[in-house]
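A.B. asks: This is the structure, below, for whatever I ask next.
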Amino acid sequence: MLRAIDPPPSWGTRSPHPRQGAVLDIIERFEERVRLGPGDTALVAGQVQLSYAELDARANRLAHFLQGRGVGPETVVGVCMNRRPEAFVAMLAILKTGGAFQPLDPGHPALRLTDSLAASGALLLLTENRLAHAFRDAQLPVLPCEGVAAELALCPVTRPDRLLPEHGLRCVIFTSGSTGHPKGIGLTSASIGNVADWAVNRLPGPQIFLQFTSLGFDVSLQEIFGALLSGGSLVLVQDEHRQDPVALINLMARERIQRVYFSPAFLRQLARVGLQEPGPTGQLVLTEIVAAGEPLWLTSDVRRFIEALDGTVLENQYGPSETHQSTACTLTGGLERWPDSPPLGRPIPGVRGHVLDEHLDPVPDGEPGEFYIAGNGVNRGYLGRPDLTAERFLPDPFGAPGSRMYRTGDLVRRGAAGELEFVGRIDGQVKIRGHRVEPAEVDAVLTGHPNVQEAVTVARQSGEGTWQLTAYLVPAPGGALPDRAALRDFAGQRLPSYMVPGTIVPITALPLNENGKVDRAALPRPDGVLAPDADHIPPQNPQQETICDIWSEALEREQIGIDDSFFDLGGNSLQAMQIVSRVRQTFDVDLDVHALFDAPTVRGLAQAVEKALIAEITASGC
């Protein structure tokens, strides 16, 4: 029997902008900003700057072009581009037609991208010439922006006529799915607009935002619309800056960035590097750093980094893509009083939260329960998956008739101060580098290999709150598993890099409990299971020895061979940045993170260091 509750005020707030009558759509709010400041800088991409009027005119031209191809309300259009102005023109143009954009990460495998387009029922895809080849098997028109430039020049710059349904589909975001295929979440104008209202109303005025987050990650919507709906500027980050914390810090200082959104894992890495680079760090003018995407853990480096910025606010935000951003906790006061694991905070305006037991009854304060999210943040559901939508989006017994709540799967408790505290997951889902990962999807991909009979993937914590995937594989009868590099390549053709297991453990059989289920607790620890290969070669000189020590600390492995692959040892991009930063500092050499990706061994990195040192000596004339 459900018991109606009257949550405390902090647990149920109606939107300050009631969603009825003449409420402005997300694109109408952008157009209002264009009218208020047409000459203000909207977008910065290297040497290219677009004013609000220029950005709007380009989007209008493309919107007319898209309407001529049938794009309108409830129509999905894929957008797969690198960070360039055309990508943001495309998103705005699609919104201007009343349709929905589906951002696709160019770094994901082609098969995953085409599967996502098919699942969303996208009408067409906007991309660029150098990416179009990845979609040669896609069953929809693929339009590179370079190829339609002549047609766009003939389109009018005036705003197109359109219909903007209040709860219309406006964006489609894909996340990991337990069936082996990602699932698409339909974001509505009301959901995106609710977060935009809250974000803009909190700003003291127009600010300069960094567009750092992957466009396929819903946090990017806050970066984009937080800037463009407040009259601020959006500075685009190129991939080389995203992968090099030193270059990123210099960019943020040069562009006078005020507001950034980082995953906690990247924030820890940036803090470590920032403390080693006091010069450019001292030039930063950040007013707020938002941590989102995974549980926040405050290391001593993060505390010292925030303290060095003098006045920068740190905010912990939480919200699954199904409800967009839902809660926030702003850390203020003395840093020494900040908890190591800050709370998730309270629901933002327009969002209501319930902590319930398995019977959907409220649990007492201080007791763990599952978190359910209701209010304006609740999105439409999973595209083409009514069964899964019905399972996760339930009628809200505490709201108005017809309202829904989303079952997050997160265990939380409400603390004495009234703020949510994260306890864990009720299933095996985990966040890797800010991205949601269903281990079952990794299992499904790995068992697709003809030499793999069974696979179980688990997430293991590796220092400072960082999680890594470990896959346990049982070979097919009469066969043998390929080497780790081949298995990683197989997975990498179907999964984004953050879902490719860093460690692969061969196992003769999976341990089972008395119920016949996999006993995950009985799986062997990977430490020692993946010992160095028989041809393990120790360091041959002091330089290699120093680099081996740096690798050992970053990868948390006692023994590193100079020809061991960084990726076979479980390395990821964040650890790569950490290693290159330490090498740069230790040898006082200018080295890019790509040096490790190009030659992912200690031997190769030592050679890159040697070449860089010789180049610097030659350039100095010594």
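Identifiers in the structure tokens: chain A, B, ... in order shown; residue index from 1 per chain; ligand index from 1 in order shown.
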Mind dumping a table of every range 195-264 of chain A residue within 10 Å of range 335-352 of chain A, with the nearest atom pair and its distance in Å to one decimal, using only C-alpha atoms, sorted by chain and rising number, as JSON lines?

C.D. replies:
{"residue": "A:Val195", "atom": "CA", "partner": "A:Ile348", "partner_atom": "CA", "distance": 8.1}
{"residue": "A:Asp197", "atom": "CA", "partner": "A:Pro349", "partner_atom": "CA", "distance": 8.9}
{"residue": "A:Trp198", "atom": "CA", "partner": "A:Pro349", "partner_atom": "CA", "distance": 6.7}
{"residue": "A:Ala199", "atom": "CA", "partner": "A:Ile348", "partner_atom": "CA", "distance": 9.6}

A.B. asks: Could you write out the selected residues, including N, CA, C and O atoms, as a short mmCIF file (atom, residue, chain, number, x, y, z; two decimals), in the first residue's frame?

C.D. replies:
data_model
loop_
_atom_site.label_atom_id
_atom_site.label_comp_id
_atom_site.auth_asym_id
_atom_site.auth_seq_id
_atom_site.Cartn_x
_atom_site.Cartn_y
_atom_site.Cartn_z
N VAL A 195 16.52 22.73 -16.82
CA VAL A 195 17.91 22.88 -16.40
C VAL A 195 18.47 24.22 -16.88
O VAL A 195 19.21 24.89 -16.14
N ASP A 197 16.80 27.02 -17.36
CA ASP A 197 16.26 28.05 -16.47
C ASP A 197 17.10 28.18 -15.21
O ASP A 197 17.51 29.27 -14.80
N TRP A 198 17.35 27.03 -14.60
CA TRP A 198 18.08 27.01 -13.33
C TRP A 198 19.51 27.50 -13.52
O TRP A 198 20.00 28.33 -12.74
N ALA A 199 20.17 27.01 -14.56
CA ALA A 199 21.57 27.38 -14.77
C ALA A 199 21.73 28.87 -15.05
O ALA A 199 22.61 29.53 -14.49
#

A.B. asks: Quick one: residues within 12 Å of Val363 in chain A, only C-alpha atoms, excluding same-chain residues fewer than 3 positions away - as a list in words?

C.D. replies: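 That gives Arg3, Ile5, Pro7, His354, Val355, Leu356, Asp357, Glu358, His359, Leu360, Gly366, Glu367, Pro368, Gly369, Glu370, Phe371, Leu411, Val412, Arg413 and Arg414 of chain A.
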
A.B. asks: If you run DSSP on the backbone, which residues of range 154-196 of chain A are helix (DSSP H, G or I), as a count of residues only?

C.D. replies: 8

A.B. asks: Quick one: pull the distance between CA of Val237 in chain A and CA of Gln211 in chain A, Å, one decimal.

C.D. replies: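 Rounded to one decimal, the two atoms are 6.1 Å apart.
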
A.B. asks: As a PyMOL selection string, please: every residue in range 162-395 of chain A that a backbone DSSP assignment puts in strand (DSSP E).

C.D. replies: chain A and resi 169-175+183-188+208-211+233-236+259-262+288-291+313-318+327-331+346-347+351-356+369-375+381-382+393-395

A.B. asks: Could you list, with a cut-off of 6 Å and counting only C-alpha atoms, the residues of range 189-297 of chain A near range 306-316 of chain A, each shown with its nearest atom pair and the distance in Å rounded to one decimal, rows sorted by chain and ascending number, as a Markdown table?

C.D. replies:
| residue | atom | partner | partner_atom | distance |
| --- | --- | --- | --- | --- |
| A:Leu286 | CA | A:Thr312 | CA | 5.8 |
| A:Thr287 | CA | A:Thr312 | CA | 4.6 |
| A:Glu288 | CA | A:Val313 | CA | 4.5 |
| A:Ile289 | CA | A:Leu314 | CA | 4.9 |
| A:Val290 | CA | A:Glu315 | CA | 4.8 |
| A:Ala291 | CA | A:Asn316 | CA | 5.0 |

A.B. asks: Please indicate the distance in Å from CA of Ile504 in chain A to CA of Pro245 in chain A, rounded to one decimal place.

C.D. replies: 28.8 Å

A.B. asks: Residues within 8 Å of Ile562 in chain A, please, as an MDAnalysis selection string. Count only C-alpha atoms; anything in the same chain fewer than 5 positions from it doesn't count.

C.D. replies: chainID A and resid 536:539 544 548 601:603

A.B. asks: Can you write out the residues you just picked, keeping all heavy atoms, as a CSV table (one decimal), in the first residue's frame?

C.D. replies:
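Output (out-v4.csv):
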chain,number,residue,atom,x,y,z
A,536,HIS,N,59.3,-10.6,-20.7
A,536,HIS,CA,59.4,-9.3,-20.0
A,536,HIS,C,60.9,-8.8,-19.9
A,536,HIS,O,61.8,-9.6,-19.5
A,536,HIS,CB,58.8,-9.5,-18.5
A,536,HIS,CG,59.1,-8.4,-17.6
A,536,HIS,ND1,58.4,-7.3,-17.5
A,536,HIS,CD2,60.1,-8.3,-16.7
A,536,HIS,CE1,58.9,-6.5,-16.6
A,536,HIS,NE2,59.9,-7.1,-16.1
A,537,ILE,N,61.1,-7.6,-20.3
A,537,ILE,CA,62.4,-7.0,-20.3
A,537,ILE,C,62.5,-5.9,-19.3
A,537,ILE,O,61.8,-4.9,-19.4
A,537,ILE,CB,62.8,-6.5,-21.7
A,537,ILE,CG1,62.7,-7.7,-22.8
A,537,ILE,CG2,64.2,-5.9,-21.8
A,537,ILE,CD1,62.8,-7.2,-24.2
A,538,PRO,N,63.4,-6.0,-18.3
A,538,PRO,CA,63.6,-4.9,-17.4
A,538,PRO,C,64.2,-3.7,-18.0
A,538,PRO,O,64.8,-3.8,-19.1
A,538,PRO,CB,64.4,-5.5,-16.3
A,538,PRO,CG,65.2,-6.5,-17.0
A,538,PRO,CD,64.3,-7.1,-18.1
A,539,PRO,N,64.2,-2.5,-17.3
A,539,PRO,CA,64.8,-1.3,-17.9
A,539,PRO,C,66.3,-1.5,-18.1
A,539,PRO,O,67.0,-2.2,-17.3
A,539,PRO,CB,64.5,-0.2,-16.8
A,539,PRO,CG,64.1,-1.0,-15.6
A,539,PRO,CD,63.5,-2.3,-16.0
A,544,GLN,N,65.1,4.8,-18.8
A,544,GLN,CA,64.0,3.8,-18.8
A,544,GLN,C,63.5,3.4,-17.4
A,544,GLN,O,62.4,3.2,-17.2
A,544,GLN,CB,64.4,2.5,-19.6
A,544,GLN,CG,64.7,2.8,-21.1
A,544,GLN,CD,65.1,1.5,-21.8
A,544,GLN,OE1,65.4,0.5,-21.2
A,544,GLN,NE2,65.2,1.6,-23.1
A,548,CYS,N,59.8,3.7,-16.0
A,548,CYS,CA,59.2,2.5,-15.4
A,548,CYS,C,58.6,2.8,-14.1
A,548,CYS,O,57.5,2.4,-13.7
A,548,CYS,CB,60.1,1.3,-15.3
A,548,CYS,SG,60.4,0.4,-16.9
A,601,THR,N,54.9,2.1,-25.1
A,601,THR,CA,55.8,1.3,-24.3
A,601,THR,C,56.8,2.2,-23.6
A,601,THR,O,57.0,3.3,-24.0
A,601,THR,CB,56.6,0.2,-25.1
A,601,THR,OG1,57.4,0.9,-26.0
A,601,THR,CG2,55.6,-0.7,-25.9
A,602,VAL,N,57.4,1.7,-22.6
A,602,VAL,CA,58.4,2.5,-21.9
A,602,VAL,C,59.6,2.7,-22.8
A,602,VAL,O,60.1,3.8,-22.9
A,602,VAL,CB,58.9,1.7,-20.6
A,602,VAL,CG1,60.2,2.4,-20.1
A,602,VAL,CG2,57.9,1.7,-19.6
A,603,ARG,N,60.0,1.7,-23.6
A,603,ARG,CA,61.0,1.9,-24.6
A,603,ARG,C,60.7,3.1,-25.6
A,603,ARG,O,61.5,3.9,-25.8
A,603,ARG,CB,61.3,0.6,-25.4
A,603,ARG,CG,62.5,0.7,-26.3
A,603,ARG,CD,62.6,-0.4,-27.3
A,603,ARG,NE,62.6,-1.8,-26.6
A,603,ARG,CZ,63.7,-2.4,-26.3
A,603,ARG,NH1,64.9,-1.8,-26.5
A,603,ARG,NH2,63.7,-3.6,-25.8

A.B. asks: Quick one: of A:Leu251, A:Ile507, A:Ala471, A:Leu24, who's nearest to Gly570 in chain A, counting only C-alpha atoms?

C.D. replies: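 Among the listed residues, A:Ala471 lies closest to Gly570 in chain A.
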
A.B. asks: Quick one: residues within 10 Å of Glu146 in chain A, only C-alpha atoms counted, chain neighbours fewer than 2 positions away excluded, as a list in words?

C.D. replies: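 Contacts, in chain order: Glu86, Thr127, Glu128, Asn129, Leu143, Pro144, Val148, Ala149 and Ala150 of chain A.
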
A.B. asks: Using only all heavy atoms, please write the residues we just selected to a file, as a compact mmCIF listing (two decimals), in the first residue's frame.

C.D. replies:
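Saved the output as out19.txt:
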# COMPACT_ATOMS: atom_id res chain seq x y z
N GLU A 86 30.42 24.42 -37.25
CA GLU A 86 29.34 23.79 -38.01
C GLU A 86 28.53 22.81 -37.15
O GLU A 86 27.32 22.64 -37.38
CB GLU A 86 29.91 23.05 -39.22
CG GLU A 86 30.44 23.95 -40.32
CD GLU A 86 31.84 24.45 -40.07
OE1 GLU A 86 32.41 24.14 -39.00
OE2 GLU A 86 32.39 25.14 -40.95
N THR A 127 27.38 15.53 -41.19
CA THR A 127 28.73 15.18 -40.77
C THR A 127 29.73 16.05 -41.53
O THR A 127 29.38 17.12 -42.01
CB THR A 127 29.00 13.67 -40.98
OG1 THR A 127 30.27 13.33 -40.44
CG2 THR A 127 28.89 13.27 -42.43
N GLU A 128 30.96 15.59 -41.64
CA GLU A 128 31.99 16.30 -42.39
C GLU A 128 32.72 15.31 -43.27
O GLU A 128 32.68 14.10 -43.05
CB GLU A 128 32.95 17.03 -41.45
CG GLU A 128 33.56 16.17 -40.36
CD GLU A 128 34.36 16.97 -39.35
OE1 GLU A 128 35.53 17.26 -39.66
OE2 GLU A 128 33.82 17.29 -38.27
N ASN A 129 33.40 15.81 -44.29
CA ASN A 129 34.00 14.95 -45.31
C ASN A 129 34.88 13.86 -44.72
O ASN A 129 34.79 12.68 -45.10
CB ASN A 129 34.82 15.79 -46.30
CG ASN A 129 33.95 16.39 -47.39
OD1 ASN A 129 32.87 15.86 -47.71
ND2 ASN A 129 34.39 17.49 -47.97
N LEU A 143 25.10 13.63 -45.20
CA LEU A 143 25.36 14.92 -45.82
C LEU A 143 26.56 15.60 -45.15
O LEU A 143 26.43 16.15 -44.05
CB LEU A 143 24.13 15.83 -45.70
CG LEU A 143 22.82 15.30 -46.27
CD1 LEU A 143 21.70 16.30 -46.04
CD2 LEU A 143 22.96 14.98 -47.75
N PRO A 144 27.74 15.57 -45.77
CA PRO A 144 28.88 16.34 -45.24
C PRO A 144 28.61 17.83 -45.38
O PRO A 144 28.08 18.28 -46.40
CB PRO A 144 30.05 15.89 -46.13
CG PRO A 144 29.60 14.61 -46.75
CD PRO A 144 28.13 14.74 -46.92
N VAL A 148 27.26 20.67 -48.90
CA VAL A 148 26.00 21.39 -49.04
C VAL A 148 26.19 22.89 -48.91
O VAL A 148 25.21 23.64 -48.85
CB VAL A 148 24.96 20.90 -48.01
CG1 VAL A 148 24.66 19.42 -48.22
CG2 VAL A 148 25.44 21.15 -46.59
N ALA A 149 27.45 23.35 -48.86
CA ALA A 149 27.72 24.78 -48.66
C ALA A 149 27.08 25.64 -49.74
O ALA A 149 26.52 26.72 -49.46
CB ALA A 149 29.23 25.02 -48.61
N ALA A 150 27.15 25.19 -51.01
CA ALA A 150 26.59 25.99 -52.10
C ALA A 150 25.07 26.12 -51.97
O ALA A 150 24.51 27.21 -52.20
CB ALA A 150 26.95 25.35 -53.44

A.B. asks: Show which residues sit within 7 Å of range 50-61 of chain A, as a list of chain:residue names. Count only C-alpha atoms, and ignore same-chain residues fewer than 5 positions away.

C.D. replies: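 Here the answer would be A:Val34, A:Gly37, A:Pro38, A:Gly39, A:Asp40, A:Thr41, A:Ala42, A:Leu43, A:Val44, A:Val89, A:Ala90, A:Leu92, A:Ala93, A:Leu152, A:Cys155, A:Pro156, A:Val157, A:Thr158, A:Arg159, A:Pro160.
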
A.B. asks: Which neighbours of Thr408 in chain A fall inside 12 Å, counting only C-alpha atoms, when residues of the same chain fewer than 4 positions from it are skipped, and could you give them as a ChimeraX atom specification?

C.D. replies: /A:318-324,326,353-356,369-374,378,391-394,412,422,424-427,429

A.B. asks: Find the residues around Gly184 in chain A up to 8 Å (only C-alpha atoms counted), leave out those fewer than 6 positions away in its own chain, and share them as a ChimeraX atom specification.

C.D. replies: /A:116,119-120,172-175,382-383

A.B. asks: Please write the residues from the selection above to a file, keeping C-alpha atoms, as a JSON list (two decimals), in the first residue's frame.

C.D. replies:
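The resulting file, out.json, is reproduced below:
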[["chain", "number", "residue", "atom", "x", "y", "z"],
["A", 116, "SER", "CA", 22.59, 4.20, -32.84],
["A", 119, "ALA", "CA", 17.83, 2.71, -33.35],
["A", 120, "SER", "CA", 16.78, 6.37, -33.25],
["A", 172, "VAL", "CA", 18.49, 12.00, -28.35],
["A", 173, "ILE", "CA", 21.34, 10.76, -26.15],
["A", 174, "PHE", "CA", 22.57, 7.16, -26.24],
["A", 175, "THR", "CA", 23.92, 5.38, -23.17],
["A", 382, "TYR", "CA", 13.78, 5.07, -24.33],
["A", 383, "LEU", "CA", 13.20, 5.36, -28.07]]

A.B. asks: Closest to His241 in chain A among A:Gln543, A:Leu210, A:Ala417, A:Thr330, using only C-alpha atoms?

C.D. replies: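 Using only C-alpha atoms, the shortest distance to His241 in chain A belongs to A:Leu210.
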
A.B. asks: Where does range 216-277 of chain A meet range 576-581 of chain A within 12 Å, residue by residue, with the nearest atom pair and distance in Å to one decimal for each, counting only C-alpha atoms, listed by chain and rising number, as CSV?

C.D. replies:
residue,atom,partner,partner_atom,distance
A:Glu240,CA,A:Met577,CA,11.4
A:His241,CA,A:Met577,CA,11.1
A:Arg242,CA,A:Met577,CA,10.0
A:Gln243,CA,A:Met577,CA,6.8
A:Asp244,CA,A:Met577,CA,6.3
A:Pro245,CA,A:Met577,CA,7.1
A:Val246,CA,A:Ser581,CA,7.9
A:Ala247,CA,A:Ser581,CA,10.9
A:Leu248,CA,A:Met577,CA,11.5
A:Ala265,CA,A:Gln578,CA,11.3
A:Phe266,CA,A:Met577,CA,9.7
A:Leu267,CA,A:Gln578,CA,11.8
A:Arg268,CA,A:Gln578,CA,9.9
A:Gln269,CA,A:Gln578,CA,6.5
A:Leu270,CA,A:Gln578,CA,8.8
A:Ala271,CA,A:Gln578,CA,10.5
A:Arg272,CA,A:Gln578,CA,8.0
A:Val273,CA,A:Ser581,CA,6.6
A:Gly274,CA,A:Ser581,CA,10.0
A:Leu275,CA,A:Ser581,CA,11.1
A:Gln276,CA,A:Ser581,CA,8.6
A:Glu277,CA,A:Ser581,CA,9.9
